[in-house]
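Structure data (mmCIF, C-alpha atoms) from final-v4.cif:
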data_model
loop_
_atom_site.label_atom_id
_atom_site.label_comp_id
_atom_site.auth_asym_id
_atom_site.auth_seq_id
_atom_site.Cartn_x
_atom_site.Cartn_y
_atom_site.Cartn_z
CA MET A 688 126.31 135.19 58.78
CA ARG A 689 129.44 136.12 60.74
CA LEU A 690 130.78 133.54 63.19
CA ARG A 691 130.81 134.89 66.71
CA SER A 692 133.78 134.40 69.01
CA ASP A 693 133.35 132.89 72.45
CA VAL A 694 133.97 136.32 73.98
CA ASP A 695 131.19 137.80 71.82
CA LEU A 696 128.91 134.96 72.88
CA LEU A 697 129.67 135.51 76.57
CA CYS A 698 128.91 139.22 76.18
CA GLY A 699 125.63 138.23 74.56
CA ILE A 700 124.88 135.80 77.39
CA ALA A 701 125.54 138.58 79.91
CA ASP A 702 123.03 140.73 77.99
CA GLY A 703 120.41 137.96 78.13
CA ASP A 704 120.81 136.76 74.52
CA ASP A 705 119.43 133.20 74.54
CA ALA A 706 120.80 132.50 71.05
CA ALA A 707 124.31 133.36 72.25
CA PHE A 708 123.96 130.85 75.07
CA VAL A 709 122.77 128.15 72.66
CA LEU A 710 125.78 128.72 70.39
CA PHE A 711 128.24 128.77 73.32
CA TYR A 712 126.64 125.64 74.83
CA ARG A 713 126.64 123.70 71.55
CA GLY A 714 130.25 124.68 70.91
CA HIS A 715 131.50 123.38 74.25
CA VAL A 716 129.05 120.91 75.80
CA ASP A 717 130.73 117.77 74.48
CA ALA A 718 134.14 118.88 75.74
CA VAL A 719 132.72 119.72 79.19
CA VAL A 720 130.86 116.40 79.43
CA GLY A 721 134.05 114.65 78.33
CA PHE A 722 136.03 116.45 81.03
CA PHE A 723 133.60 115.30 83.70
CA ARG A 724 133.40 111.73 82.34
CA ARG A 725 137.16 111.45 82.75
CA HIS A 726 136.79 112.38 86.43
CA VAL A 727 133.53 110.81 87.62
CA GLU A 728 132.07 107.32 87.34
CA SER A 729 128.56 107.87 86.08
CA PRO A 730 127.25 109.69 83.00
CA GLU A 731 124.39 111.03 85.17
CA LEU A 732 126.86 112.76 87.48
CA ALA A 733 128.80 114.10 84.49
CA PHE A 734 125.57 115.50 83.05
CA ASP A 735 124.55 117.11 86.38
CA LEU A 736 127.97 118.74 86.69
CA THR A 737 127.76 119.93 83.09
CA ALA A 738 124.32 121.42 83.67
CA GLU A 739 125.52 123.25 86.77
CA THR A 740 128.63 124.47 84.90
CA PHE A 741 126.58 126.00 82.09
CA ALA A 742 124.08 127.46 84.55
CA ALA A 743 127.05 129.08 86.28
CA VAL A 744 128.13 130.49 82.90
CA VAL A 745 124.79 132.28 82.63
CA VAL A 746 125.00 133.54 86.20
CA SER A 747 128.68 134.55 85.86
CA ALA A 748 128.91 135.82 82.26
CA GLU A 749 128.70 139.47 83.33
CA PRO A 750 132.05 139.50 85.16
CA PHE A 751 133.93 137.76 82.31
CA SER A 752 136.71 140.17 81.45
CA GLY A 753 138.04 138.53 78.33
CA GLU A 754 141.60 138.63 79.67
CA ALA A 755 141.88 134.83 79.51
CA PRO A 756 140.48 132.65 76.72
CA ALA A 757 136.77 132.03 77.23
CA VAL A 758 137.26 128.27 77.08
CA ALA A 759 139.83 128.49 79.90
CA TRP A 760 137.28 130.43 81.94
CA LEU A 761 134.63 127.80 81.18
CA PHE A 762 136.90 124.94 82.24
CA GLY A 763 137.87 126.89 85.36
CA ILE A 764 134.20 126.86 86.30
CA ALA A 765 134.00 123.14 85.47
CA ARG A 766 137.06 122.35 87.62
CA ASN A 767 135.57 124.30 90.51
CA LYS A 768 132.24 122.46 90.17
CA LEU A 769 134.08 119.13 90.14
CA ARG A 770 136.22 120.02 93.15
CA GLU A 771 133.18 121.17 95.14
CA SER A 772 131.16 118.10 94.24
CA LEU A 773 133.99 115.81 95.32
CA ARG A 774 134.48 117.75 98.54
CA ARG A 775 130.77 117.78 99.42
CA ALA A 776 130.00 114.34 97.91
CA ARG A 777 127.14 115.85 95.90
CA VAL A 778 126.57 118.20 92.98
CA GLU A 779 125.73 121.72 94.02
CA ASP A 780 122.80 123.18 92.12
CA VAL A 781 123.06 126.79 93.27
CA ALA A 782 123.31 128.29 89.77
CA ARG A 783 120.46 126.14 88.40
CA ARG A 784 118.20 127.06 91.33
CA ARG A 785 119.10 130.72 90.94
CA LEU A 786 117.94 130.52 87.33
CA GLY A 787 114.81 128.57 88.31
CA LEU A 788 115.81 125.49 86.30
CA GLU A 789 114.47 122.05 87.12
CA ALA A 790 116.72 118.99 87.21
CA VAL A 791 116.67 117.16 83.89
CA ALA A 792 115.82 113.46 83.84
CA LEU A 793 118.02 111.55 81.40
CA SER A 794 116.73 108.77 79.20
CA ASP A 795 118.77 105.68 78.38
CA GLY A 796 119.42 107.23 74.96
CA ASP A 797 120.79 110.38 76.58
CA LEU A 798 123.13 108.30 78.74
CA ASP A 799 124.27 106.30 75.72
CA ARG A 800 125.00 109.51 73.83
CA ILE A 801 127.07 110.86 76.72
CA ASP A 802 129.14 107.69 76.81
CA GLU A 803 129.42 107.59 73.01
CA THR A 804 130.56 111.20 72.91
CA THR A 805 133.10 110.81 75.67
CA ASN A 806 134.49 107.34 74.99
CA GLY A 807 134.65 108.00 71.33
CA GLU A 808 136.38 106.06 68.71
CA ALA A 809 135.51 109.06 66.55
CA LEU A 810 137.65 111.26 68.77
CA ARG A 811 140.58 108.84 68.53
CA ARG A 812 140.27 108.83 64.74
CA ALA A 813 140.07 112.62 64.62
CA LEU A 814 143.09 113.00 66.91
CA ALA A 815 145.07 110.68 64.66
CA THR A 816 144.58 113.09 61.74
CA LEU A 817 146.32 115.93 63.57
CA PRO A 818 150.03 116.66 63.15
CA ASP A 819 152.02 115.10 66.01
CA PRO A 820 153.03 118.42 67.67
CA THR A 821 149.40 119.60 67.64
CA ARG A 822 148.09 116.30 69.02
CA ARG A 823 150.73 116.30 71.77
CA ALA A 824 149.85 119.90 72.73
CA ILE A 825 146.12 119.13 72.92
CA LEU A 826 146.62 115.97 74.97
CA ALA A 827 148.99 117.73 77.36
CA ARG A 828 146.56 120.61 77.85
CA HIS A 829 143.20 118.84 77.93
CA VAL A 830 144.00 115.34 79.14
CA GLU A 831 146.98 115.91 81.40
CA GLU A 832 145.68 119.42 82.25
CA LEU A 833 149.16 120.94 82.12
CA GLU A 834 149.72 124.68 82.03
CA TYR A 835 150.83 126.23 78.74
CA ALA A 836 154.28 127.07 80.15
CA ASP A 837 154.85 123.42 81.11
CA ILE A 838 153.73 122.22 77.70
CA ALA A 839 156.00 124.76 75.98
CA ALA A 840 158.97 123.50 77.99
CA ARG A 841 158.11 119.89 77.13
CA LEU A 842 157.69 120.64 73.42
CA ALA A 843 160.64 123.07 73.26
CA CYS A 844 158.62 125.96 71.83
CA SER A 845 156.98 129.15 73.05
CA GLU A 846 153.71 129.32 75.00
CA GLN A 847 152.18 131.23 72.08
CA VAL A 848 153.02 128.39 69.69
CA VAL A 849 151.42 125.91 72.11
CA ARG A 850 148.29 128.07 72.38
CA GLN A 851 148.05 128.27 68.58
CA ARG A 852 148.50 124.51 68.20
CA VAL A 853 145.82 123.79 70.79
CA HIS A 854 143.38 126.32 69.32
CA ARG A 855 143.89 125.23 65.71
CA GLY A 856 143.82 121.56 66.65
CA LEU A 857 140.60 121.90 68.64
CA THR A 858 139.03 123.81 65.75
CA GLN A 859 139.99 121.00 63.37
CA LEU A 860 138.71 118.34 65.80
CA ARG A 861 135.36 120.11 66.19
CA ALA A 862 134.98 120.30 62.42
CA GLU A 863 135.87 116.65 61.90
CA LEU A 864 133.66 115.41 64.73
CA LYS A 865 130.68 117.36 63.43
CA GLU A 866 131.09 115.53 60.11
CA GLU A 867 130.86 112.11 61.83
CA PRO A 868 127.53 110.36 61.19
#
Write out the structure in this file as structure tokens.
Amino acid sequence: MRLRSDVDLLCGIADGDDAAFVLFYRGHVDAVVGFFRRHVESPELAFDLTAETFAAVVVSAEPFSGEAPAVAWLFGIARNKLRESLRRARVEDVARRRLGLEAVALSDGDLDRIDETTNGEALRRALATLPDPTRRAILARHVEELEYADIAARLACSEQVVRQRVHRGLTQLRAELKEEP
């Protein structure tokens, strides 16, 4: 079976392909939850924001042009959801309501998994296996949330090299984290 790119998956989502959504969701949910856990206090709030982000992906997949990386588009949605929730002091559920989705009640096990995924010693171990330039590029992009141009200037290389380091490093991290028990 051929691996599908994120752009292919988003096109599938726009066409109503449930399997494409499942693959896209599974490929990015931990990173999105982790993003929200770094910015909000409770795992429940992080989960609500994640749910609304992925609901917005379904609602918004049609206009995705593919000009920017799909993951950048996804995290753009996540940043907007975070900004709006902080501004309004609540999580908007417009996309979930539009899709007719009910709010999900989280069990204690679900909350523990969110914290385990986002606090992760496993992530620290996986990051330590990366070459230093790759690790620095990933941390600058996804922790410090710097633009590629700023990272390139910091690391004294081209934006393309930074993009490749981040992409390859994230691919390696995903593979290593999936192998964790």
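The space between atom CA of Val758 of chain A and atom CA of Ser772 of chain A spans 20.9 Å.
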To test your reading of the syntax: which residues would the PyMOL selection byres ((chain A and resi 826) around 12) return for the file shown? Reply as a ChimeraX atom specification.
/A:810-811,814-815,817,819-825,827-835,838,849,852-853,856-857
What would the file look like if the residues just selected were written as a compact mmCIF listing (two decimals), in the frame of the given file with C-alpha atoms?
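Writing the result to again.txt gives the following:
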# COMPACT_ATOMS: atom_id res chain seq x y z
CA LEU A 810 137.65 111.26 68.77
CA ARG A 811 140.58 108.84 68.53
CA LEU A 814 143.09 113.00 66.91
CA ALA A 815 145.07 110.68 64.66
CA LEU A 817 146.32 115.93 63.57
CA ASP A 819 152.02 115.10 66.01
CA PRO A 820 153.03 118.42 67.67
CA THR A 821 149.40 119.60 67.64
CA ARG A 822 148.09 116.30 69.02
CA ARG A 823 150.73 116.30 71.77
CA ALA A 824 149.85 119.90 72.73
CA ILE A 825 146.12 119.13 72.92
CA ALA A 827 148.99 117.73 77.36
CA ARG A 828 146.56 120.61 77.85
CA HIS A 829 143.20 118.84 77.93
CA VAL A 830 144.00 115.34 79.14
CA GLU A 831 146.98 115.91 81.40
CA GLU A 832 145.68 119.42 82.25
CA LEU A 833 149.16 120.94 82.12
CA GLU A 834 149.72 124.68 82.03
CA TYR A 835 150.83 126.23 78.74
CA ILE A 838 153.73 122.22 77.70
CA VAL A 849 151.42 125.91 72.11
CA ARG A 852 148.50 124.51 68.20
CA VAL A 853 145.82 123.79 70.79
CA GLY A 856 143.82 121.56 66.65
CA LEU A 857 140.60 121.90 68.64
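Among the candidates A:Pro756, A:Asp705, A:Ile764, A:Arg770, the residue lying nearest to Ala738 of chain A is A:Ile764 (atoms considered: only C-alpha atoms).
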Of the residues A:Leu697, A:Phe722, A:Thr816, A:Ser845, which is the one nearest to Glu863 of chain A, using only C-alpha atoms?
A:Thr816
Kindly give the distance, in Å, that separates atom CA of Ala840 of chain A and atom CA of Ala862 of chain A, rounded to a single decimal.
28.8 Å
Could you spell out the hits of the PyMOL selection byres ((chain A and resi 714) around 12) on the shown file, as number ranges by chain?
A: 690-693, 696, 707-713, 715-720, 741, 757-758, 761, 857-858, 860-862, 864-865
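In this model, the gap between atom CA of Arg725 of chain A and atom CA of Thr737 of chain A comes to 12.7 Å.
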Please provide the set of residues having any atom within 10 Å of Phe723 of chain A, restricted to only C-alpha atoms, with same-chain residues fewer than 2 positions apart removed, written as a PyMOL selection string.
chain A and resi 717-721+725-730+732-737+765-766+768-769+805
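Compared by their closest atoms to Thr740 of chain A, and using all atoms listed in the file, the residues A:Trp760, A:Asp704, A:Gly699, A:Leu842 rank with A:Trp760 nearest.
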Go through A:Asp837, A:Glu846, A:Asp702, A:Asp695 one by one, measure the shortest atom-to-atom distance of each to Ser747 of chain A using all atoms listed in the file, and give the residue with the smallest value.
A:Asp702
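The shortest atom-to-atom distance to Ala748 of chain A, with all atoms listed in the file taken into account, belongs to A:Ile700 out of A:Ala813, A:Ala706, A:Ile700, A:Val694.
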